[in-house]
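> Sharing a structure here in structure tokens format.
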Amino acid sequence: MHNYLLEKQRDYSGACMKELPDILWLEEIRKEDIAAVGGKGASLGEMAVIGLPVPRAFVVTSHAFRRFLVETGLEKTIFANFENLDVENNAALEKAAERAKEDVLKAPMPQSMVQHILEAYQKMDAGEMIVAVRSSATAEDLPDASFAGQQETYLNIKGNPNLLKAIQMCWASLYGARAIYYRAKQGFDDNSVNIAVVVQQLINSEKAGVMFTTHPVTGEPLTIIEGSWGLGESVVSGSVSPDKYIFDQRSEKVVDRLIANKKIEIIAEGTHGTKVVPVSPDRQDMQVLSDEEVARLAMFGKIAENHYGVPQDVEWAIVRSTFYILQSRPITTIKPKGTPAAYGRAETGSTIILKGQGASPGVASGKVVIVRDAKDTSAVQEGDIMVTKMTNPDMVPAMKKVAAIVTDEGGMTCHAAIVSRELGTPAIVGTKNGSLILKPGQIVTVDGEKGFVYEGAVGIQQQAQVQAPVTAVHAPIITATSVKVNVSIPEAAGRAAATGADGVGLLRIEHLILGLNKTPGWFITNHKEEEFVRELYDGIKIVLDAFYGKPVWVRTLDAPTDEFRNMAGGENEPIEHNPMLGWRGIRRDLQSKDQFRLQVEAFKRLWEQGYSNLGVMFPMVSHPDQFIAAKSMMREWGVDVDHVTLGIMIEIPGSAILIEEFIEAGINFASFGTNDLVQYTLAIDRNNENVAWMYNPKHPAVLRLIHDAIEICREYGVECSICGQAGSEPPMVQWLVEHGISSVSANIDAIPKIRETVARTEQKIILESARSRNA
Ligand code: PEP
Ligand code: MG
């Protein structure tokens, strides 16, 4: 232990651990005091001492935690929970973690400790201070053990009972399933890991974010700052695309800035907790930081880096003209997408020549190839940038070859967006005129996260960074709400399963069939029915095998007639004025009985093979009679309909309104297809970029339909899920979990953040109910 604390130890008469203080103020702490105050506390103390503007704080020391364990007798009992625990066994891990956390939460804190904590809190604005309560594990934040994010932080805490409860919650978080798992994997003994708790003035920031004091990939003297409105949590959690600024320490100038469209902010709510609110339209595209503010933050960053001797990852906040540095820790790992490590060279001195909606994340450079229709795809070569009005299923083979995709039309739910995300190919949609502005052979760089196309090759190295696995720091996050994944092409099944998702909430089989370049009608007319069934059977089986033992909801065909047009047999498709409202989904299958029968034949064979994890979902249903009719046809074709899982998509307001009648008709589950539900509720073509700005899954009318349908599903105990794009958006998922959805299904790339959102929301619900019980 650092001499400083040893000196203090002597001051506290007697050298035994028990007599070390329960509380230390930041000014009393040095960076070596990790054993007493944890990584976060030690770092904050050191920062305060070197003069950085750190918000006022005290630390409830690890000695206090140990004293709590000893004096309550927990030290003797709690670790029995982990004896012989197989941490790879999720159920056992979760059970042990729950029991240990409950033990910690139930044990009464020693009275003298309560007194010390409350005395310290009293000194902060006479006990009126709103604080952030953050756990600070003694193994956390070390350069060789990046344990970041495993223990909890509680924001916006006010009042004695809330404070004491939050401290105890932080202690309990030491025994969360993830934390136990990591310790086991890293070889830490549970009994030897301590936890301290930082109680710090909450900065109700007007703007906040993160800073890398040196370029995290190249090591250049470039400070990279991300910032957005409200609390910094929105930037740290990745729930908002923040502004990005690059400050060159040599010229002391801002050399690059990207002003993002900041749709949401996180602000304090009531006396505890935070809430997500929309950013007012006038501030969405406004620059968050002035050049002077960037320079000042960079200076603080440099002070921290110089002091610690290694590049730092810093959290900052600003209230009016007051700057705060909230945290600083060494940069230890490559960050996931959306953090400064992921953008690098694409932002330095490059010219943006085109903008659209970032639909599939990643950065790639290459030669532009303009594709007007499927015939042009023969010119597409490996590594090209495909630029087209809108992709079609017949372009999928070419889409698999290219490095990035840019379309004129479309939104986040269009064909190009869905397929690109599954292929892991960067994509930008809705550029309006990309196919006119970009020229064949031109070299460009596509940033599929921000939606920018840059002139020249400016990000080739970065692609590897962006696609670098984020899994290095993944642990099983266990959620009560199941987190499933969407799949459209069997090639993506492996990547989808590797996310650890709890099943597949939507397998779109039309991509499987349309990729064959022949319409279902062609197979029937040309007596190739068996070939059609085999293709379906094989494709679905790949996904079922990848998710063995987990539910896979396979949706019957749902392709608008215009998507069939370019294929063999497409000449027989009817020409419809509005295919989106036309002959698609179950309404077509019930009339094109052969087409439906062949799909059912593939399902039947899979069920007969023992794939009981296969569930079948009917799209575009608007009346329970359709479900009843589909079921009776299946029965007629030999399916034991009472022993298989059958459900519906809720994509039409009519089906949301009639959910009770659907339940009475025997559905086993329902899943909100918000891509269509939004378009049919609000009369907004989902693929029309001119009205994309009005396309809002959180429109009150859509939310009311969803809310009412969830309530009824819960009443009847019917599983209720979401598989539209909104299920990949954290604020929407938070809302859905708060309103009782039983399952969500997200895109492959969104699974980590959705899992985290679900876990966070569930914990908040539990915490709030525990608090109201206590109150
Ligand atoms: C939906 O409508 O939300 C959905 C998932 O189906 P698709 O996007 O295939 O129409
Ligand atoms: Mg749909």
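Chain lettering (A, B, ...) mirrors the order of the structure tokens, residue numbering begins at 1 for each chain separately, and ligand numbering begins at 1 in order of display.
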What are the nearest atom pairs, with distances in Å to one decimal, for all residues of chain A that come at most 6 Å from ligand 1, using only C-alpha atoms and all ligand atoms, set out by chain and rising residue number as a Markdown table?

```
| residue | atom | partner | partner_atom_place_in_ligand_line | distance |
| --- | --- | --- | --- | --- |
| A:Thr413 | CA | ligand 1 | 8 (O) | 5.9 |
| A:Glu651 | CA | ligand 1 | 2 (O) | 5.6 |
| A:Gly673 | CA | ligand 1 | 3 (O) | 2.9 |
| A:Thr674 | CA | ligand 1 | 3 (O) | 4.0 |
| A:Asn675 | CA | ligand 1 | 3 (O) | 3.5 |
| A:Asp676 | CA | ligand 1 | 2 (O) | 3.9 |
| A:Cys723 | CA | ligand 1 | 5 (C) | 4.9 |
| A:Gly724 | CA | ligand 1 | 3 (O) | 3.4 |
```
> Just write the chosen residues, N, CA, C and O atoms, as a compact mmCIF listing (two decimals), in the first residue's frame.

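Once everything was written out, this is selection19.txt:
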```txt
# COMPACT_ATOMS: atom_id res chain seq x y z
N THR A 413 -35.06 0.07 -42.95
CA THR A 413 -35.70 -1.25 -43.03
C THR A 413 -35.81 -1.75 -44.47
O THR A 413 -36.53 -2.70 -44.73
N GLU A 651 -48.35 -6.47 -37.88
CA GLU A 651 -47.82 -5.44 -38.77
C GLU A 651 -48.90 -4.47 -39.24
O GLU A 651 -48.61 -3.45 -39.85
N GLY A 673 -44.17 -6.40 -36.03
CA GLY A 673 -43.36 -6.05 -37.20
C GLY A 673 -43.50 -4.55 -37.36
O GLY A 673 -44.34 -4.06 -38.12
N THR A 674 -42.70 -3.83 -36.62
CA THR A 674 -42.89 -2.37 -36.57
C THR A 674 -42.53 -1.69 -37.89
O THR A 674 -42.99 -0.59 -38.14
N ASN A 675 -41.73 -2.35 -38.73
CA ASN A 675 -41.39 -1.72 -40.01
C ASN A 675 -42.68 -1.43 -40.78
O ASN A 675 -42.87 -0.36 -41.34
N ASP A 676 -43.55 -2.44 -40.78
CA ASP A 676 -44.81 -2.25 -41.47
C ASP A 676 -45.85 -1.58 -40.58
O ASP A 676 -46.64 -0.76 -41.04
N CYS A 723 -39.91 -7.80 -33.90
CA CYS A 723 -38.84 -8.17 -34.81
C CYS A 723 -38.61 -7.11 -35.87
O CYS A 723 -37.79 -7.28 -36.76
N GLY A 724 -39.30 -5.98 -35.77
CA GLY A 724 -39.02 -4.87 -36.68
C GLY A 724 -37.72 -4.19 -36.27
O GLY A 724 -37.17 -4.48 -35.20
```
> DSSP on the backbone, then: every residue of region 483-635 of chain A marked strand (DSSP E), written as a list in words.
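Restricting region 483-635 of chain A to strand (DSSP E) produces Val483, Lys484, Val485, Asn486, Val487, Val504, Gly505, Leu506, Leu507, Arg508, Val552, Trp553, Val554, Arg555, Leu614, Gly615, Val616, Met617 and Phe618 of chain A.
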> Keeping only N, CA, C and O atoms, write those residues as an mmCIF file, in the first residue's frame.

```
data_model
loop_
_atom_site.group_PDB
_atom_site.id
_atom_site.type_symbol
_atom_site.label_atom_id
_atom_site.label_comp_id
_atom_site.auth_asym_id
_atom_site.auth_seq_id
_atom_site.Cartn_x
_atom_site.Cartn_y
_atom_site.Cartn_z
ATOM 1 N N VAL A 483 -33.689 -12.252 -25.570
ATOM 2 C CA VAL A 483 -33.126 -11.407 -26.634
ATOM 3 C C VAL A 483 -32.802 -12.312 -27.811
ATOM 4 O O VAL A 483 -31.870 -13.104 -27.766
ATOM 5 N N LYS A 484 -33.630 -12.210 -28.832
ATOM 6 C CA LYS A 484 -33.449 -13.060 -30.009
ATOM 7 C C LYS A 484 -32.823 -12.234 -31.125
ATOM 8 O O LYS A 484 -32.637 -11.025 -30.987
ATOM 9 N N VAL A 485 -32.538 -12.913 -32.237
ATOM 10 C CA VAL A 485 -31.849 -12.234 -33.337
ATOM 11 C C VAL A 485 -32.633 -12.463 -34.633
ATOM 12 O O VAL A 485 -33.317 -13.476 -34.780
ATOM 13 N N ASN A 486 -32.536 -11.505 -35.554
ATOM 14 C CA ASN A 486 -33.184 -11.649 -36.864
ATOM 15 C C ASN A 486 -32.184 -12.211 -37.869
ATOM 16 O O ASN A 486 -31.029 -11.793 -37.889
ATOM 17 N N VAL A 487 -32.667 -13.119 -38.700
ATOM 18 C CA VAL A 487 -31.799 -13.699 -39.733
ATOM 19 C C VAL A 487 -32.568 -13.698 -41.050
ATOM 20 O O VAL A 487 -33.777 -13.957 -41.060
ATOM 21 N N VAL A 504 -34.076 -17.238 -32.658
ATOM 22 C CA VAL A 504 -34.285 -16.371 -33.823
ATOM 23 C C VAL A 504 -35.733 -15.879 -33.769
ATOM 24 O O VAL A 504 -36.669 -16.672 -33.766
ATOM 25 N N GLY A 505 -35.900 -14.574 -33.700
ATOM 26 C CA GLY A 505 -37.244 -14.000 -33.589
ATOM 27 C C GLY A 505 -37.866 -13.736 -34.936
ATOM 28 O O GLY A 505 -39.057 -13.426 -35.033
ATOM 29 N N LEU A 506 -37.073 -13.854 -35.998
ATOM 30 C CA LEU A 506 -37.596 -13.691 -37.365
ATOM 31 C C LEU A 506 -36.596 -14.272 -38.353
ATOM 32 O O LEU A 506 -35.464 -13.808 -38.436
ATOM 33 N N LEU A 507 -37.016 -15.301 -39.071
ATOM 34 C CA LEU A 507 -36.231 -15.774 -40.213
ATOM 35 C C LEU A 507 -37.069 -15.458 -41.441
ATOM 36 O O LEU A 507 -38.141 -16.034 -41.652
ATOM 37 N N ARG A 508 -36.544 -14.514 -42.245
ATOM 38 C CA ARG A 508 -37.306 -14.091 -43.434
ATOM 39 C C ARG A 508 -36.963 -15.043 -44.578
ATOM 40 O O ARG A 508 -35.894 -14.927 -45.160
ATOM 41 N N VAL A 552 -36.740 -20.913 -33.057
ATOM 42 C CA VAL A 552 -36.469 -20.229 -34.329
ATOM 43 C C VAL A 552 -37.824 -19.996 -34.991
ATOM 44 O O VAL A 552 -38.507 -20.950 -35.370
ATOM 45 N N TRP A 553 -38.232 -18.746 -35.092
ATOM 46 C CA TRP A 553 -39.521 -18.430 -35.691
ATOM 47 C C TRP A 553 -39.324 -18.118 -37.169
ATOM 48 O O TRP A 553 -38.719 -17.105 -37.528
ATOM 49 N N VAL A 554 -39.820 -19.026 -37.967
ATOM 50 C CA VAL A 554 -39.663 -18.907 -39.417
ATOM 51 C C VAL A 554 -40.925 -18.262 -39.982
ATOM 52 O O VAL A 554 -42.034 -18.727 -39.714
ATOM 53 N N ARG A 555 -40.734 -17.225 -40.742
ATOM 54 C CA ARG A 555 -41.906 -16.536 -41.285
ATOM 55 C C ARG A 555 -42.220 -17.064 -42.675
ATOM 56 O O ARG A 555 -41.309 -17.271 -43.486
ATOM 57 N N LEU A 614 -38.601 -25.273 -34.205
ATOM 58 C CA LEU A 614 -39.147 -24.491 -35.315
ATOM 59 C C LEU A 614 -40.553 -23.991 -34.977
ATOM 60 O O LEU A 614 -41.443 -24.776 -34.636
ATOM 61 N N GLY A 615 -40.721 -22.672 -35.045
ATOM 62 C CA GLY A 615 -42.049 -22.076 -34.917
ATOM 63 C C GLY A 615 -42.361 -21.387 -36.238
ATOM 64 O O GLY A 615 -41.447 -20.913 -36.922
ATOM 65 N N VAL A 616 -43.615 -21.362 -36.625
ATOM 66 C CA VAL A 616 -43.968 -20.727 -37.897
ATOM 67 C C VAL A 616 -44.807 -19.479 -37.630
ATOM 68 O O VAL A 616 -45.705 -19.479 -36.791
ATOM 69 N N MET A 617 -44.452 -18.420 -38.342
ATOM 70 C CA MET A 617 -45.074 -17.118 -38.090
ATOM 71 C C MET A 617 -45.702 -16.607 -39.397
ATOM 72 O O MET A 617 -45.048 -16.628 -40.438
ATOM 73 N N PHE A 618 -46.949 -16.158 -39.296
ATOM 74 C CA PHE A 618 -47.651 -15.695 -40.499
ATOM 75 C C PHE A 618 -47.569 -14.176 -40.603
ATOM 76 O O PHE A 618 -47.945 -13.466 -39.659
#
```
> Set the distance at 8 Å and use only C-alpha atoms: which residues neighbour Lys432 (chain A) once local chain neighbours fewer than 5 positions away are removed? I'd like the list as a ChimeraX atom specification.
/A:356,407-409,689
> Save the residues we just selected, C-alpha atoms, as a PDB file, in the first residue's frame?

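Generated output (part-v6.pdb):
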```
ATOM      1  CA  GLY A 356     -27.319   9.324 -46.416  1.00  0.00           C
ATOM      2  CA  THR A 407     -28.306   3.332 -52.414  1.00  0.00           C
ATOM      3  CA  ASP A 408     -30.343   6.337 -53.549  1.00  0.00           C
ATOM      4  CA  GLU A 409     -33.526   5.158 -51.929  1.00  0.00           C
ATOM      5  CA  GLU A 689     -36.617   8.820 -48.198  1.00  0.00           C
TER       6      GLU A 689
END
```
> I'd like the contact shell of region 113-117 of chain A - 8 Å cut-off, only C-alpha atoms, skipping same-chain residues fewer than 6 positions apart - returned as a list in words.
Asp22, Ile23, Val60, Ala64 and Leu164 of chain A
> Keeping only N, CA and C atoms, write the selected residues to a file as a PDB file, in the first residue's frame.

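Once everything was written out, this is result.pdb:
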```
ATOM      1  N   ASP A  22     -13.796   4.361   7.131  1.00  0.00           N
ATOM      2  CA  ASP A  22     -14.886   3.973   6.231  1.00  0.00           C
ATOM      3  C   ASP A  22     -14.957   4.932   5.055  1.00  0.00           C
ATOM      4  N   ILE A  23     -14.556   6.164   5.315  1.00  0.00           N
ATOM      5  CA  ILE A  23     -14.722   7.227   4.316  1.00  0.00           C
ATOM      6  C   ILE A  23     -13.388   7.909   4.044  1.00  0.00           C
ATOM      7  N   VAL A  60     -16.567   5.501  -0.069  1.00  0.00           N
ATOM      8  CA  VAL A  60     -16.803   4.512   0.985  1.00  0.00           C
ATOM      9  C   VAL A  60     -15.791   3.402   0.694  1.00  0.00           C
ATOM     10  N   ALA A  64     -14.463  -0.478   4.500  1.00  0.00           N
ATOM     11  CA  ALA A  64     -15.848  -0.411   4.979  1.00  0.00           C
ATOM     12  C   ALA A  64     -16.607  -1.641   4.488  1.00  0.00           C
ATOM     13  N   LEU A 164     -27.891   5.228   0.952  1.00  0.00           N
ATOM     14  CA  LEU A 164     -27.453   3.993   1.615  1.00  0.00           C
ATOM     15  C   LEU A 164     -27.819   2.769   0.767  1.00  0.00           C
TER      16      LEU A 164
END
```
> Under the rule that only C-alpha atoms and all ligand atoms are counted, which of A:Val678, A:Leu118, A:Val702, A:Cys720 is the nearest residue to ligand 2?
A:Val678
> To one decimal place in Å, what is the distance between CA of Val429 (chain A) and CA of Gly570 (chain A)?
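These atoms are spaced 25.7 Å apart.
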> Which residue is closest to ligand 2? Choose from A:Gln312, A:Thr431, A:Thr757, A:Gln679 and count only C-alpha atoms and all ligand atoms.
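Looking only at the distances to ligand 2, the closest residue turns out to be A:Gln679.
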> When distances are computed from only C-alpha atoms, which of A:His415, A:Arg755, A:Arg320, A:His577 shows the smallest separation from Arg686 (chain A)?
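Checking each of A:His415, A:Arg755, A:Arg320, A:His577 against Arg686 (chain A), counting only C-alpha atoms, the winner is A:His415.
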> Could you pull out the helix (DSSP H, G or I) residues of region 206-319 of chain A, going by DSSP on the backbone, and write them as a PyMOL selection string?
chain A and resi 233-236+281-284+291-308
> Keeping only C-alpha atoms, take the residues you just selected and write them out as a short mmCIF file (atom, residue, chain, number, x, y, z; two decimals), in the first residue's frame.

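Result written to result.cif:
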```cif
data_model
loop_
_atom_site.label_atom_id
_atom_site.label_comp_id
_atom_site.auth_asym_id
_atom_site.auth_seq_id
_atom_site.Cartn_x
_atom_site.Cartn_y
_atom_site.Cartn_z
CA GLU A 233 -24.27 8.20 -20.47
CA SER A 234 -25.77 8.56 -23.95
CA VAL A 235 -22.27 8.69 -25.47
CA VAL A 236 -20.75 6.04 -23.23
CA PRO A 281 -35.23 19.84 -33.34
CA ASP A 282 -33.21 23.07 -33.23
CA ARG A 283 -30.39 21.40 -31.27
CA GLN A 284 -30.25 18.07 -33.14
CA ASP A 291 -13.23 25.13 -30.81
CA GLU A 292 -12.26 26.83 -27.54
CA GLU A 293 -14.09 24.18 -25.55
CA VAL A 294 -12.43 21.39 -27.54
CA ALA A 295 -9.01 22.97 -26.89
CA ARG A 296 -9.72 23.31 -23.19
CA LEU A 297 -10.84 19.70 -22.88
CA ALA A 298 -7.77 18.56 -24.82
CA MET A 299 -5.60 20.48 -22.36
CA PHE A 300 -7.20 18.71 -19.40
CA GLY A 301 -6.72 15.42 -21.21
CA LYS A 302 -3.05 16.17 -21.71
CA ILE A 303 -2.59 17.00 -18.03
CA ALA A 304 -4.07 13.61 -17.11
CA GLU A 305 -2.00 11.76 -19.71
CA ASN A 306 1.25 13.49 -18.71
CA HIS A 307 0.59 12.77 -15.10
CA TYR A 308 -0.20 9.08 -15.58
#
```
> A:Val419, A:Ile477, A:Val59, A:Ala172: which is nearest Glu756 (chain A), counting only C-alpha atoms?
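Looking only at the distances to Glu756 (chain A), the closest residue turns out to be A:Ile477.
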> Do a neighbour search on region 448-454 of chain A at 7 Å with only C-alpha atoms, toss out local chain neighbours closer than 5 positions, and write the hits as a PyMOL selection string.
chain A and resi 350-363+426-428
> Just the selected residues (all heavy atoms), exported as a compact mmCIF listing (two decimals), in the first residue's frame, please.

```txt
# COMPACT_ATOMS: atom_id res chain seq x y z
N SER A 350 -10.50 14.55 -44.66
CA SER A 350 -11.14 13.97 -45.84
C SER A 350 -12.38 14.78 -46.21
O SER A 350 -12.99 15.40 -45.36
CB SER A 350 -11.58 12.53 -45.58
OG SER A 350 -10.90 12.02 -44.49
N THR A 351 -12.74 14.72 -47.49
CA THR A 351 -13.89 15.48 -47.95
C THR A 351 -15.10 14.57 -48.06
O THR A 351 -15.05 13.51 -48.69
CB THR A 351 -13.59 16.05 -49.36
OG1 THR A 351 -12.31 16.66 -49.28
CG2 THR A 351 -14.63 17.05 -49.79
N ILE A 352 -16.19 15.02 -47.47
CA ILE A 352 -17.43 14.24 -47.57
C ILE A 352 -18.11 14.63 -48.89
O ILE A 352 -18.34 15.81 -49.14
CB ILE A 352 -18.36 14.54 -46.39
CG1 ILE A 352 -17.70 14.10 -45.08
CG2 ILE A 352 -19.71 13.88 -46.57
CD1 ILE A 352 -18.40 14.58 -43.83
N ILE A 353 -18.38 13.64 -49.73
CA ILE A 353 -18.98 13.98 -51.02
C ILE A 353 -20.45 13.55 -51.12
O ILE A 353 -21.15 13.91 -52.06
CB ILE A 353 -18.18 13.38 -52.21
CG1 ILE A 353 -17.87 11.90 -51.96
CG2 ILE A 353 -16.90 14.16 -52.43
CD1 ILE A 353 -17.16 11.24 -53.13
N LEU A 354 -20.91 12.77 -50.16
CA LEU A 354 -22.29 12.30 -50.21
C LEU A 354 -22.73 11.89 -48.80
O LEU A 354 -21.92 11.36 -48.03
CB LEU A 354 -22.36 11.07 -51.14
CG LEU A 354 -23.73 10.48 -51.44
CD1 LEU A 354 -24.55 11.44 -52.29
CD2 LEU A 354 -23.58 9.14 -52.18
N LYS A 355 -24.01 12.15 -48.51
CA LYS A 355 -24.51 11.74 -47.20
C LYS A 355 -25.82 10.97 -47.36
O LYS A 355 -26.58 11.22 -48.29
CB LYS A 355 -24.81 12.97 -46.33
CG LYS A 355 -23.58 13.70 -45.85
CD LYS A 355 -23.97 14.82 -44.90
CE LYS A 355 -22.73 15.61 -44.53
NZ LYS A 355 -23.03 16.77 -43.70
N GLY A 356 -26.05 10.06 -46.44
CA GLY A 356 -27.32 9.32 -46.42
C GLY A 356 -27.52 8.78 -45.02
O GLY A 356 -26.92 9.28 -44.07
N GLN A 357 -28.36 7.76 -44.90
CA GLN A 357 -28.56 7.15 -43.59
C GLN A 357 -27.59 6.00 -43.40
O GLN A 357 -27.54 5.10 -44.24
CB GLN A 357 -29.98 6.57 -43.51
CG GLN A 357 -30.98 7.48 -42.84
CD GLN A 357 -32.30 6.75 -42.69
OE1 GLN A 357 -33.01 6.57 -43.66
NE2 GLN A 357 -32.62 6.34 -41.49
N GLY A 358 -26.81 6.04 -42.32
CA GLY A 358 -25.91 4.92 -42.02
C GLY A 358 -26.77 3.71 -41.68
O GLY A 358 -27.46 3.71 -40.68
N ALA A 359 -26.73 2.67 -42.53
CA ALA A 359 -27.66 1.55 -42.33
C ALA A 359 -26.97 0.28 -41.86
O ALA A 359 -27.61 -0.60 -41.31
CB ALA A 359 -28.40 1.26 -43.63
N SER A 360 -25.67 0.18 -42.10
CA SER A 360 -24.93 -1.00 -41.63
C SER A 360 -23.53 -0.53 -41.30
O SER A 360 -22.83 0.01 -42.16
CB SER A 360 -24.93 -2.08 -42.71
OG SER A 360 -24.12 -3.16 -42.31
N PRO A 361 -23.09 -0.68 -40.04
CA PRO A 361 -21.85 -0.03 -39.61
C PRO A 361 -20.60 -0.65 -40.23
O PRO A 361 -20.60 -1.80 -40.66
CB PRO A 361 -21.86 -0.22 -38.10
CG PRO A 361 -22.75 -1.37 -37.86
CD PRO A 361 -23.75 -1.41 -38.96
N GLY A 362 -19.52 0.14 -40.23
CA GLY A 362 -18.25 -0.31 -40.77
C GLY A 362 -17.72 0.72 -41.74
O GLY A 362 -18.46 1.58 -42.22
N VAL A 363 -16.41 0.67 -42.01
CA VAL A 363 -15.79 1.60 -42.94
C VAL A 363 -15.09 0.78 -44.02
O VAL A 363 -14.41 -0.20 -43.70
CB VAL A 363 -14.74 2.48 -42.21
CG1 VAL A 363 -14.04 3.41 -43.19
CG2 VAL A 363 -15.39 3.28 -41.09
N PRO A 426 -20.60 -2.69 -44.75
CA PRO A 426 -21.02 -1.31 -44.51
C PRO A 426 -22.01 -0.85 -45.58
O PRO A 426 -21.85 -1.18 -46.76
CB PRO A 426 -19.72 -0.50 -44.61
CG PRO A 426 -18.64 -1.50 -44.40
CD PRO A 426 -19.15 -2.81 -44.89
N ALA A 427 -23.03 -0.09 -45.18
CA ALA A 427 -24.01 0.38 -46.17
C ALA A 427 -24.60 1.72 -45.78
O ALA A 427 -24.78 2.01 -44.59
CB ALA A 427 -25.14 -0.65 -46.33
N ILE A 428 -24.87 2.51 -46.81
CA ILE A 428 -25.57 3.78 -46.62
C ILE A 428 -26.78 3.75 -47.54
O ILE A 428 -26.67 3.41 -48.72
CB ILE A 428 -24.66 4.97 -47.02
CG1 ILE A 428 -23.39 4.96 -46.17
CG2 ILE A 428 -25.40 6.29 -46.87
CD1 ILE A 428 -22.39 6.03 -46.55
```
> For ligand 2, which residue out of A:Glu738, A:Arg534, A:Ile418, A:Asp589 is the nearest one, using only C-alpha atoms and all ligand atoms?
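Under the stated criterion, the closest residue is A:Ile418.
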> Tell me, as a list of chain:residue names, which residues lie within 12 Å of Gly549 (chain A), counting only C-alpha atoms; anything in the same chain fewer than 6 positions away does not count.
A:Ala497, A:Ala501, A:Asp502, A:Gly503, A:Val504, A:Val543, A:Gly610, A:Tyr611, A:Ser612, A:Asn613, A:Leu614
